[in-house]
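Data from coords.pdb: PDB, C-alpha atoms
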ATOM      1  CA  MET A   1       5.129   4.419   4.457
ATOM      2  CA  THR A   2       2.715   6.180   6.826
ATOM      3  CA  ASP A   3      -0.602   5.042   8.254
ATOM      4  CA  SER A   4      -2.405   7.173   5.646
ATOM      5  CA  LEU A   5      -2.127   4.179   3.291
ATOM      6  CA  LEU A   6      -3.061   0.657   4.326
ATOM      7  CA  ILE A   7      -1.549  -2.220   2.359
ATOM      8  CA  GLU A   8      -3.424  -5.509   2.525
ATOM      9  CA  ARG A   9      -2.374  -8.744   0.823
ATOM     10  CA  SER A  10      -4.689 -11.682   0.182
ATOM     11  CA  GLY A  11      -3.084 -14.308  -2.011
ATOM     12  CA  ALA A  12      -2.252 -12.699  -5.338
ATOM     13  CA  THR A  13      -4.484  -9.675  -4.687
ATOM     14  CA  LEU A  14      -3.019  -6.490  -3.230
ATOM     15  CA  THR A  15      -5.401  -3.879  -1.803
ATOM     16  CA  LEU A  16      -4.152  -0.324  -1.351
ATOM     17  CA  ARG A  17      -6.558   1.510   0.934
ATOM     18  CA  LEU A  18      -6.506   5.286   1.370
ATOM     19  CA  ASN A  19      -6.714   5.764   5.137
ATOM     20  CA  ARG A  20      -7.575   9.360   5.958
ATOM     21  CA  PRO A  21     -11.309   8.915   6.584
ATOM     22  CA  ASP A  22     -11.619  12.029   8.753
ATOM     23  CA  LEU A  23     -10.396  14.049   5.747
ATOM     24  CA  HIS A  24     -12.441  12.057   3.205
ATOM     25  CA  ASN A  25      -9.202  10.422   2.019
ATOM     26  CA  ALA A  26      -7.963  13.680   0.565
ATOM     27  CA  PHE A  27      -4.344  13.400  -0.438
ATOM     28  CA  ASP A  28      -1.310  15.476   0.394
ATOM     29  CA  ALA A  29       2.337  15.170  -0.627
ATOM     30  CA  GLY A  30       2.899  12.325   1.818
ATOM     31  CA  LEU A  31       0.004  10.178   0.629
ATOM     32  CA  ILE A  32       0.913  10.828  -3.014
ATOM     33  CA  ALA A  33       4.469   9.635  -2.348
ATOM     34  CA  ASP A  34       3.314   6.582  -0.373
ATOM     35  CA  LEU A  35       0.775   5.500  -2.982
ATOM     36  CA  THR A  36       3.229   5.993  -5.841
ATOM     37  CA  ALA A  37       5.864   3.912  -4.050
ATOM     38  CA  ALA A  38       3.378   1.144  -3.197
ATOM     39  CA  LEU A  39       2.183   0.964  -6.801
ATOM     40  CA  ARG A  40       5.720   0.766  -8.150
ATOM     41  CA  GLN A  41       6.535  -2.008  -5.698
ATOM     42  CA  ALA A  42       3.397  -3.900  -6.732
ATOM     43  CA  GLY A  43       4.306  -3.507 -10.383
ATOM     44  CA  ASN A  44       7.644  -5.196  -9.736
ATOM     45  CA  ASP A  45       6.223  -8.020  -7.598
ATOM     46  CA  PRO A  46       5.689 -11.159  -9.717
ATOM     47  CA  ASP A  47       3.374 -12.630  -7.083
ATOM     48  CA  VAL A  48       0.847  -9.774  -7.349
ATOM     49  CA  ARG A  49      -1.829 -10.513  -9.958
ATOM     50  CA  VAL A  50      -4.414  -7.803  -9.190
ATOM     51  CA  VAL A  51      -4.305  -4.430  -7.416
ATOM     52  CA  VAL A  52      -7.467  -3.056  -5.785
ATOM     53  CA  LEU A  53      -7.573   0.658  -4.918
ATOM     54  CA  ALA A  54     -10.000   1.419  -2.095
ATOM     55  CA  GLY A  55     -10.842   4.085   0.463
ATOM     56  CA  GLU A  56     -11.525   3.864   4.185
ATOM     57  CA  GLY A  57     -14.669   5.475   5.602
ATOM     58  CA  ARG A  58     -17.520   7.209   3.811
ATOM     59  CA  SER A  59     -15.587   8.716   0.887
ATOM     60  CA  PHE A  60     -13.371   7.208  -1.765
ATOM     61  CA  SER A  61     -11.294  10.389  -2.111
ATOM     62  CA  ALA A  62     -12.083  14.074  -1.989
ATOM     63  CA  GLY A  63      -9.010  14.907  -4.044
ATOM     64  CA  ALA A  64      -6.495  17.391  -2.702
ATOM     65  CA  ASP A  65      -6.278  18.111   1.027
ATOM     66  CA  LEU A  66      -7.377  21.722   1.661
ATOM     67  CA  HIS A  67      -4.565  22.329   4.177
ATOM     68  CA  TRP A  68      -2.049  21.101   1.633
ATOM     69  CA  MET A  69      -3.602  23.290  -1.054
ATOM     70  CA  ARG A  70      -3.422  26.294   1.271
ATOM     71  CA  GLY A  71       0.288  25.724   1.669
ATOM     72  CA  MET A  72       0.812  25.349  -2.064
ATOM     73  CA  ALA A  73      -1.134  28.549  -2.727
ATOM     74  CA  ALA A  74       1.523  30.378  -0.736
ATOM     75  CA  ALA A  75       4.390  28.608  -2.524
ATOM     76  CA  SER A  76       6.175  29.734  -5.667
ATOM     77  CA  GLU A  77       5.144  28.751  -9.171
ATOM     78  CA  ALA A  78       8.269  26.581  -9.405
ATOM     79  CA  ASP A  79       7.362  24.732  -6.209
ATOM     80  CA  ASN A  80       3.806  24.250  -7.442
ATOM     81  CA  ARG A  81       5.151  22.755 -10.670
ATOM     82  CA  ILE A  82       7.256  20.244  -8.721
ATOM     83  CA  ASP A  83       4.218  19.377  -6.618
ATOM     84  CA  ALA A  84       2.013  18.920  -9.696
ATOM     85  CA  LEU A  85       4.606  16.678 -11.324
ATOM     86  CA  ALA A  86       4.514  14.400  -8.265
ATOM     87  CA  LEU A  87       0.748  13.994  -8.710
ATOM     88  CA  ALA A  88       1.274  13.422 -12.436
ATOM     89  CA  ALA A  89       3.768  10.663 -11.616
ATOM     90  CA  LEU A  90       1.186   8.991  -9.356
ATOM     91  CA  MET A  91      -1.531   9.058 -12.011
ATOM     92  CA  ARG A  92       0.785   7.788 -14.715
ATOM     93  CA  THR A  93       2.134   5.022 -12.485
ATOM     94  CA  LEU A  94      -1.422   3.859 -11.766
ATOM     95  CA  ASP A  95      -2.509   4.176 -15.384
ATOM     96  CA  GLU A  96       0.485   2.243 -16.742
ATOM     97  CA  LEU A  97       0.841  -0.268 -13.908
ATOM     98  CA  PRO A  98       1.740  -3.685 -15.392
ATOM     99  CA  LYS A  99      -1.011  -5.303 -13.315
ATOM    100  CA  PRO A 100      -4.802  -5.136 -13.703
ATOM    101  CA  THR A 101      -6.292  -2.552 -11.349
ATOM    102  CA  ILE A 102      -9.763  -2.219  -9.828
ATOM    103  CA  ALA A 103     -11.197   0.910  -8.205
ATOM    104  CA  ARG A 104     -13.525   0.002  -5.324
ATOM    105  CA  VAL A 105     -15.553   3.203  -5.060
ATOM    106  CA  GLN A 106     -17.534   3.012  -1.820
ATOM    107  CA  GLY A 107     -18.291   6.738  -1.612
ATOM    108  CA  ALA A 108     -17.743  10.181  -3.068
ATOM    109  CA  ALA A 109     -14.880  10.979  -5.415
ATOM    110  CA  PHE A 110     -13.976  14.550  -6.303
ATOM    111  CA  GLY A 111     -11.140  16.199  -8.214
ATOM    112  CA  GLY A 112      -8.065  14.014  -8.042
ATOM    113  CA  GLY A 113     -10.201  11.225  -6.621
ATOM    114  CA  VAL A 114     -11.977  11.068  -9.980
ATOM    115  CA  GLY A 115      -8.539  10.894 -11.563
ATOM    116  CA  LEU A 116      -7.678   7.805  -9.521
ATOM    117  CA  VAL A 117     -10.907   6.120 -10.637
ATOM    118  CA  ALA A 118     -10.250   7.012 -14.272
ATOM    119  CA  CYS A 119      -6.727   5.545 -14.127
ATOM    120  CA  CYS A 120      -7.925   2.122 -12.986
ATOM    121  CA  ASP A 121      -8.711  -0.579 -15.527
ATOM    122  CA  ILE A 122     -11.999  -1.515 -13.856
ATOM    123  CA  ALA A 123     -14.131   0.776 -11.696
ATOM    124  CA  ILE A 124     -17.036  -0.419  -9.550
ATOM    125  CA  GLY A 125     -19.022   2.047  -7.459
ATOM    126  CA  VAL A 126     -21.958   2.129  -5.096
ATOM    127  CA  ASP A 127     -25.208   3.635  -6.295
ATOM    128  CA  THR A 128     -25.032   6.438  -3.710
ATOM    129  CA  ALA A 129     -21.585   7.690  -4.779
ATOM    130  CA  ARG A 130     -21.231  11.259  -5.976
ATOM    131  CA  PHE A 131     -18.575  12.622  -8.318
ATOM    132  CA  GLY A 132     -17.304  16.013  -9.351
ATOM    133  CA  LEU A 133     -14.459  17.755 -11.124
ATOM    134  CA  THR A 134     -14.828  20.798  -8.947
ATOM    135  CA  GLU A 135     -11.556  22.647  -9.605
ATOM    136  CA  SER A 136     -13.083  25.471 -11.655
ATOM    137  CA  ARG A 137     -14.927  26.700  -8.547
ATOM    138  CA  LEU A 138     -11.484  27.551  -7.174
ATOM    139  CA  GLY A 139     -10.338  29.172 -10.389
ATOM    140  CA  LEU A 140      -8.348  26.050 -11.255
ATOM    141  CA  LEU A 141      -8.683  23.162 -13.700
ATOM    142  CA  PRO A 142      -8.195  19.371 -13.388
ATOM    143  CA  ALA A 143      -5.127  19.668 -15.604
ATOM    144  CA  VAL A 144      -2.946  16.881 -14.200
ATOM    145  CA  ILE A 145      -5.712  14.274 -14.258
ATOM    146  CA  SER A 146      -7.212  15.454 -17.556
ATOM    147  CA  PRO A 147      -5.550  12.864 -19.865
ATOM    148  CA  TYR A 148      -7.071  10.021 -17.855
ATOM    149  CA  VAL A 149     -10.491  11.556 -17.313
ATOM    150  CA  VAL A 150     -10.817  12.529 -20.981
ATOM    151  CA  ALA A 151      -9.835   8.975 -21.947
ATOM    152  CA  ALA A 152     -12.500   7.600 -19.603
ATOM    153  CA  ILE A 153     -15.482   9.846 -20.364
ATOM    154  CA  GLY A 154     -14.607  11.428 -23.716
ATOM    155  CA  PRO A 155     -13.878  15.002 -24.795
ATOM    156  CA  ARG A 156     -17.457  16.293 -25.029
ATOM    157  CA  GLN A 157     -18.371  15.190 -21.510
ATOM    158  CA  SER A 158     -15.059  16.496 -20.199
ATOM    159  CA  ARG A 159     -15.665  19.955 -21.628
ATOM    160  CA  ARG A 160     -18.931  20.173 -19.696
ATOM    161  CA  TRP A 161     -17.797  18.829 -16.333
ATOM    162  CA  PHE A 162     -14.414  20.591 -16.326
ATOM    163  CA  ALA A 163     -16.080  23.952 -16.928
ATOM    164  CA  THR A 164     -19.163  23.706 -14.710
ATOM    165  CA  ALA A 165     -17.726  21.810 -11.692
ATOM    166  CA  GLU A 166     -21.203  20.301 -11.393
ATOM    167  CA  GLN A 167     -21.557  17.131  -9.349
ATOM    168  CA  PHE A 168     -22.984  13.966 -10.895
ATOM    169  CA  ASP A 169     -24.238  10.668  -9.534
ATOM    170  CA  ALA A 170     -23.200   7.055 -10.025
ATOM    171  CA  ALA A 171     -25.753   6.488 -12.784
ATOM    172  CA  ALA A 172     -24.249   9.354 -14.805
ATOM    173  CA  ALA A 173     -20.736   8.063 -14.081
ATOM    174  CA  LEU A 174     -21.779   4.673 -15.446
ATOM    175  CA  GLN A 175     -23.375   6.184 -18.544
ATOM    176  CA  MET A 176     -20.238   8.247 -19.278
ATOM    177  CA  GLY A 177     -17.847   5.355 -18.768
ATOM    178  CA  LEU A 178     -16.168   6.498 -15.550
ATOM    179  CA  LEU A 179     -17.656   3.454 -13.811
ATOM    180  CA  HIS A 180     -18.075   0.013 -15.328
ATOM    181  CA  GLN A 181     -20.595  -1.239 -12.784
ATOM    182  CA  VAL A 182     -22.890   0.285 -10.165
ATOM    183  CA  VAL A 183     -24.068  -1.814  -7.214
ATOM    184  CA  THR A 184     -25.568  -1.340  -3.769
ATOM    185  CA  ALA A 185     -23.220  -0.997  -0.818
ATOM    186  CA  GLY A 186     -24.016  -4.551   0.229
ATOM    187  CA  GLN A 187     -23.035  -5.876  -3.200
ATOM    188  CA  LEU A 188     -19.768  -3.977  -3.572
ATOM    189  CA  ASP A 189     -17.338  -6.513  -2.143
ATOM    190  CA  ALA A 190     -18.924  -9.376  -4.080
ATOM    191  CA  ALA A 191     -18.742  -7.367  -7.313
ATOM    192  CA  VAL A 192     -15.056  -6.584  -6.752
ATOM    193  CA  ALA A 193     -14.357 -10.216  -5.837
ATOM    194  CA  GLY A 194     -16.069 -11.329  -9.045
ATOM    195  CA  GLN A 195     -13.747  -9.189 -11.148
ATOM    196  CA  VAL A 196     -10.707 -10.380  -9.178
ATOM    197  CA  SER A 197     -11.737 -13.977  -9.851
ATOM    198  CA  LEU A 198     -12.059 -13.323 -13.586
ATOM    199  CA  LEU A 199      -8.642 -11.654 -13.710
ATOM    200  CA  GLN A 200      -7.010 -14.517 -11.844
ATOM    201  CA  LYS A 201      -8.440 -16.999 -14.344
ATOM    202  CA  ALA A 202      -6.862 -15.055 -17.198
ATOM    203  CA  GLY A 203      -3.234 -15.563 -18.140
ATOM    204  CA  PRO A 204      -1.130 -13.293 -15.899
ATOM    205  CA  ILE A 205       0.921 -11.882 -18.758
ATOM    206  CA  ALA A 206      -2.139 -11.480 -20.990
ATOM    207  CA  ALA A 207      -4.165  -9.675 -18.299
ATOM    208  CA  ALA A 208      -1.252  -7.419 -17.401
ATOM    209  CA  SER A 209      -0.546  -6.598 -21.062
ATOM    210  CA  ALA A 210      -4.126  -5.739 -22.042
ATOM    211  CA  LYS A 211      -3.860  -2.036 -21.201
ATOM    212  CA  ARG A 212      -0.599  -1.741 -23.160
ATOM    213  CA  LEU A 213      -2.322  -3.192 -26.222
ATOM    214  CA  VAL A 214      -5.189  -0.701 -25.933
ATOM    215  CA  SER A 215      -2.733   2.204 -25.590
ATOM    216  CA  GLN A 216      -0.765   1.096 -28.628
ATOM    217  CA  VAL A 217      -3.918   0.766 -30.729
ATOM    218  CA  LEU A 218      -5.075   4.250 -29.756
ATOM    219  CA  ALA A 219      -1.660   5.813 -30.351
ATOM    220  CA  SER A 220      -1.077   4.256 -33.773
ATOM    221  CA  HIS A 221      -1.839   6.226 -36.933
ATOM    222  CA  ASP A 222      -0.189   3.728 -39.281
ATOM    223  CA  ARG A 223      -2.554   0.837 -40.001
ATOM    224  CA  ASP A 224       0.096  -1.268 -41.682
ATOM    225  CA  ALA A 225       2.502  -0.835 -38.780
ATOM    226  CA  LEU A 226      -0.283  -1.613 -36.322
ATOM    227  CA  ASP A 227      -1.260  -4.779 -38.183
ATOM    228  CA  ALA A 228       2.370  -5.894 -38.168
ATOM    229  CA  ALA A 229       2.810  -5.130 -34.474
ATOM    230  CA  ASN A 230      -0.389  -6.966 -33.539
ATOM    231  CA  ALA A 231       0.591  -9.963 -35.663
ATOM    232  CA  ASP A 232       3.973 -10.030 -33.903
ATOM    233  CA  LEU A 233       2.231  -9.837 -30.526
ATOM    234  CA  ILE A 234      -0.211 -12.709 -31.094
ATOM    235  CA  ALA A 235       2.522 -14.877 -32.640
ATOM    236  CA  ARG A 236       4.762 -14.228 -29.632
ATOM    237  CA  LEU A 237       1.947 -15.010 -27.195
ATOM    238  CA  ARG A 238       0.969 -18.229 -28.982
ATOM    239  CA  VAL A 239       4.453 -19.706 -28.670
ATOM    240  CA  SER A 240       5.101 -18.363 -25.150
ATOM    241  CA  ALA A 241       4.924 -20.649 -22.114
ATOM    242  CA  GLU A 242       1.710 -18.960 -21.008
ATOM    243  CA  GLY A 243       0.120 -19.216 -24.433
ATOM    244  CA  GLN A 244       1.086 -22.860 -24.805
ATOM    245  CA  GLU A 245      -0.339 -23.660 -21.360
ATOM    246  CA  GLY A 246      -3.549 -21.770 -22.052
ATOM    247  CA  LEU A 247      -4.163 -23.352 -25.442
ATOM    248  CA  GLY A 248      -3.206 -26.783 -24.127
ATOM    249  CA  ALA A 249      -5.570 -26.476 -21.185
ATOM    250  CA  PHE A 250      -8.409 -25.412 -23.470
ATOM    251  CA  LEU A 251      -7.874 -28.331 -25.850
ATOM    252  CA  GLU A 252      -7.507 -30.763 -22.959
ATOM    253  CA  LYS A 253     -10.607 -29.369 -21.220
ATOM    254  CA  ARG A 254      -8.806 -28.532 -17.973
ATOM    255  CA  SER A 255      -8.005 -25.360 -16.045
ATOM    256  CA  PRO A 256      -4.672 -23.713 -16.858
ATOM    257  CA  SER A 257      -2.029 -23.794 -14.155
ATOM    258  CA  TRP A 258      -2.443 -20.143 -13.157
ATOM    259  CA  ALA A 259      -6.187 -20.613 -12.497
ATOM    260  CA  ALA A 260      -5.809 -23.649 -10.237
ATOM    261  CA  ASP A 261      -6.317 -21.614  -7.074
ATOM    262  CA  ALA A 262      -8.596 -18.909  -8.528
TER     263      ALA A 262
END
Using structure tokens, write down the structure from this file.
Amino acid sequence: MTDSLLIERSGATLTLRLNRPDLHNAFDAGLIADLTAALRQAGNDPDVRVVVLAGEGRSFSAGADLHWMRGMAAASEADNRIDALALAALMRTLDELPKPTIARVQGAAFGGGVGLVACCDIAIGVDTARFGLTESRLGLLPAVISPYVVAAIGPRQSRRWFATAEQFDAAAALQMGLLHQVVTAGQLDAAVAGQVSLLQKAGPIAAASAKRLVSQVLASHDRDALDAANADLIARLRVSAEGQEGLGAFLEKRSPSWAADA
């Protein structure tokens, strides 16, 4: 790990903070590798319940570092493909992380920074934040992040913003579904803490499995198979230790064991 990524632990909450404020938290190969490794480690840590992705300084993330992009422009197509696959691995790791994730968007997010926001399960941003998928101005496209951005804002919106590279504000990001909540800068930490508290009151396995359920529902084209799979899932959860504890706590009008310290 390098100092371009700060890792902060508070109880069951892990905060991964992009720490290149002088470069608006733009990422290069090193930061991509560090963040991917930290996410994979968090995914395998049974004591981590929630992962918060944040940025240091005024910007959340400006996407790709211009110096890094300059170097890749001079590299071969094969080298650029390897580089793009590393970014794809980061986005997929974040999107599929077996922990709930929250994007704490305290400032601007552009290009790949929008991709990071789109990959998180919950995204909360300040009302002054600006966003943009600005790659087309460079003769490029947000190809690697496109599956996650399209899933977040929909195909019609994506066609507009991918083509025009126009910037949009937090209100538009909220309306499109990129953000779930918009708050003032002074309210941001409380809003994030509120979501963390809700997640820690949910069953750990249930909260971590929610995104997998959504993905399976979207991917299924066989209604009968989906009904069977969902019936298997709820039956398995009901008889699991977590399900038994949750149902028992509800019937006994007490907090479940996992929420005792939430």
Between A:Leu53, A:Leu198, A:Leu94, A:Ile102, which is the closest to Ala37 in chain A once you count all atoms listed in the file?
-> A:Leu94
Do you know which residues are at most 9 Å from Asp121 in chain A counting all atoms listed in the file, after dropping those on the same chain fewer than 3 positions away, and could you put them as number ranges by chain?
-> A: 95, 100-103, 117-118, 211
What is the distance, in Å and to one decimal place, between CA of Ile145 in chain A and CA of Ala210 in chain A?
->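 Atom-to-atom, CA of Ile145 in chain A to CA of Ala210 in chain A, that is 21.5 Å.
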Can you tell me, as a PyMOL selection string, what residues are no more than 10 Å from Ile153 in chain A when counting all atoms listed in the file, ignoring any on the same chain fewer than 5 positions away?
-> chain A and resi 118+148+158+173-179
One-decimal distance in Å that lies between CA of Leu14 in chain A and CA of Arg58 in chain A = 21.2 Å
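Proximity ranking of A:Val192, A:Val214, A:Leu138, A:Leu87 relative to Gly115 in chain A places A:Leu87 first, based on only C-alpha atoms.
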Point out the residue among A:Leu213, A:Ala171, A:Leu133, A:Ala228 with the least atom-to-atom distance to Arg159 in chain A, counting only C-alpha atoms.
->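 Under the stated criterion, the closest residue is A:Leu133.
Pairwise distance (CA of Ile124 in chain A, CA of Ala172 in chain A) equals 13.2 Å.
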Taking the file above as input, evaluate the PyMOL selection byres ((chain A and resi 50) around 9) and report the hits as a CSV table (one decimal) with C-alpha atoms, in the coordinates of the input.
chain,number,residue,atom,x,y,z
A,12,ALA,CA,-2.3,-12.7,-5.3
A,13,THR,CA,-4.5,-9.7,-4.7
A,14,LEU,CA,-3.0,-6.5,-3.2
A,15,THR,CA,-5.4,-3.9,-1.8
A,48,VAL,CA,0.8,-9.8,-7.3
A,49,ARG,CA,-1.8,-10.5,-10.0
A,51,VAL,CA,-4.3,-4.4,-7.4
A,52,VAL,CA,-7.5,-3.1,-5.8
A,99,LYS,CA,-1.0,-5.3,-13.3
A,100,PRO,CA,-4.8,-5.1,-13.7
A,101,THR,CA,-6.3,-2.6,-11.3
A,102,ILE,CA,-9.8,-2.2,-9.8
A,196,VAL,CA,-10.7,-10.4,-9.2
A,199,LEU,CA,-8.6,-11.7,-13.7
A,200,GLN,CA,-7.0,-14.5,-11.8
A,208,ALA,CA,-1.3,-7.4,-17.4
Emit as JSON the padded axis-aligned box for all listed atoms of range 206-211 of chain A, 3 Å per side, with centre and edge lengths in Å to one decimal.
{"center_x": -2.4, "center_y": -6.8, "center_z": -19.7, "size_x": 9.6, "size_y": 15.4, "size_z": 10.6}
Smallest atom-to-atom distance to Ala88 in chain A: which of A:Ser240, A:Ser146, A:Ser197, A:Asn19, using only C-alpha atoms?
->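 For Ala88 in chain A, the nearest of the candidates is A:Ser146.
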Residue IDs satisfying the PyMOL selection byres ((chain A and resi 169) around 8), as JSON, numbers by chain | {"A": [127, 128, 129, 130, 131, 167, 168, 170, 171, 172, 173]}
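Closest approach to Gly63 in chain A among A:Leu31, A:Ala235, A:Ala38, A:Ala163 is made by A:Leu31 (distances from only C-alpha atoms).
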On this structure, the PyMOL selection byres ((chain A and resi 28) around 9) would catch which residues? List them as an mmCIF file with C-alpha atoms, in the coordinates of the input, sorted by chain and number.
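The result, stored in out.cif:
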data_model
loop_
_atom_site.group_PDB
_atom_site.id
_atom_site.type_symbol
_atom_site.label_atom_id
_atom_site.label_comp_id
_atom_site.auth_asym_id
_atom_site.auth_seq_id
_atom_site.Cartn_x
_atom_site.Cartn_y
_atom_site.Cartn_z
ATOM 1 C CA ALA A 26 -7.963 13.680 0.565
ATOM 2 C CA PHE A 27 -4.344 13.400 -0.438
ATOM 3 C CA ALA A 29 2.337 15.170 -0.627
ATOM 4 C CA GLY A 30 2.899 12.325 1.818
ATOM 5 C CA LEU A 31 0.004 10.178 0.629
ATOM 6 C CA ILE A 32 0.913 10.828 -3.014
ATOM 7 C CA ALA A 33 4.469 9.635 -2.348
ATOM 8 C CA GLY A 63 -9.010 14.907 -4.044
ATOM 9 C CA ALA A 64 -6.495 17.391 -2.702
ATOM 10 C CA ASP A 65 -6.278 18.111 1.027
ATOM 11 C CA LEU A 66 -7.377 21.722 1.661
ATOM 12 C CA HIS A 67 -4.565 22.329 4.177
ATOM 13 C CA TRP A 68 -2.049 21.101 1.633
ATOM 14 C CA MET A 69 -3.602 23.290 -1.054
#
Could you get me a file of range 139-146 of chain A with all heavy atoms, as a JSON list (two decimals), in the first residue's frame, taken from the block above?
[["chain", "number", "residue", "atom", "x", "y", "z"],
["A", 139, "GLY", "N", -11.82, 12.23, -27.30],
["A", 139, "GLY", "CA", -11.94, 11.23, -28.35],
["A", 139, "GLY", "C", -12.02, 9.83, -27.79],
["A", 139, "GLY", "O", -11.76, 8.85, -28.51],
["A", 140, "LEU", "N", -12.40, 9.71, -26.54],
["A", 140, "LEU", "CA", -12.51, 8.41, -25.87],
["A", 140, "LEU", "C", -13.95, 8.18, -25.43],
["A", 140, "LEU", "O", -14.82, 9.02, -25.67],
["A", 140, "LEU", "CB", -11.57, 8.37, -24.66],
["A", 140, "LEU", "CG", -10.11, 8.72, -24.91],
["A", 140, "LEU", "CD1", -9.34, 8.78, -23.60],
["A", 140, "LEU", "CD2", -9.48, 7.69, -25.86],
["A", 141, "LEU", "N", -14.19, 7.08, -24.75],
["A", 141, "LEU", "CA", -15.50, 6.78, -24.19],
["A", 141, "LEU", "C", -15.32, 6.13, -22.82],
["A", 141, "LEU", "O", -14.30, 5.49, -22.57],
["A", 141, "LEU", "CB", -16.30, 5.83, -25.10],
["A", 141, "LEU", "CG", -16.92, 6.43, -26.36],
["A", 141, "LEU", "CD1", -17.52, 5.34, -27.24],
["A", 141, "LEU", "CD2", -17.99, 7.46, -26.00],
["A", 142, "PRO", "N", -16.32, 6.26, -21.93],
["A", 142, "PRO", "CA", -16.22, 5.64, -20.61],
["A", 142, "PRO", "C", -16.55, 4.15, -20.68],
["A", 142, "PRO", "O", -17.46, 3.65, -20.02],
["A", 142, "PRO", "CB", -17.26, 6.41, -19.79],
["A", 142, "PRO", "CG", -18.29, 6.81, -20.79],
["A", 142, "PRO", "CD", -17.52, 7.11, -22.05],
["A", 143, "ALA", "N", -15.79, 3.43, -21.49],
["A", 143, "ALA", "CA", -16.12, 2.04, -21.82],
["A", 143, "ALA", "C", -16.04, 1.13, -20.60],
["A", 143, "ALA", "O", -16.96, 0.34, -20.35],
["A", 143, "ALA", "CB", -15.19, 1.53, -22.92],
["A", 144, "VAL", "N", -14.95, 1.22, -19.85],
["A", 144, "VAL", "CA", -14.74, 0.28, -18.74],
["A", 144, "VAL", "C", -15.81, 0.45, -17.66],
["A", 144, "VAL", "O", -16.30, -0.53, -17.10],
["A", 144, "VAL", "CB", -13.33, 0.45, -18.16],
["A", 144, "VAL", "CG1", -13.16, -0.36, -16.88],
["A", 144, "VAL", "CG2", -12.28, 0.02, -19.18],
["A", 145, "ILE", "N", -16.19, 1.68, -17.39],
["A", 145, "ILE", "CA", -17.16, 1.94, -16.33],
["A", 145, "ILE", "C", -18.61, 1.87, -16.82],
["A", 145, "ILE", "O", -19.55, 1.94, -16.03],
["A", 145, "ILE", "CB", -16.92, 3.30, -15.65],
["A", 145, "ILE", "CG1", -17.16, 4.44, -16.63],
["A", 145, "ILE", "CG2", -15.51, 3.36, -15.06],
["A", 145, "ILE", "CD1", -17.11, 5.83, -15.99],
["A", 146, "SER", "N", -18.79, 1.71, -18.13],
["A", 146, "SER", "CA", -20.14, 1.80, -18.70],
["A", 146, "SER", "C", -21.15, 0.81, -18.12],
["A", 146, "SER", "O", -22.31, 1.20, -17.91],
["A", 146, "SER", "CB", -20.08, 1.67, -20.23],
["A", 146, "SER", "OG", -19.57, 0.41, -20.62]]
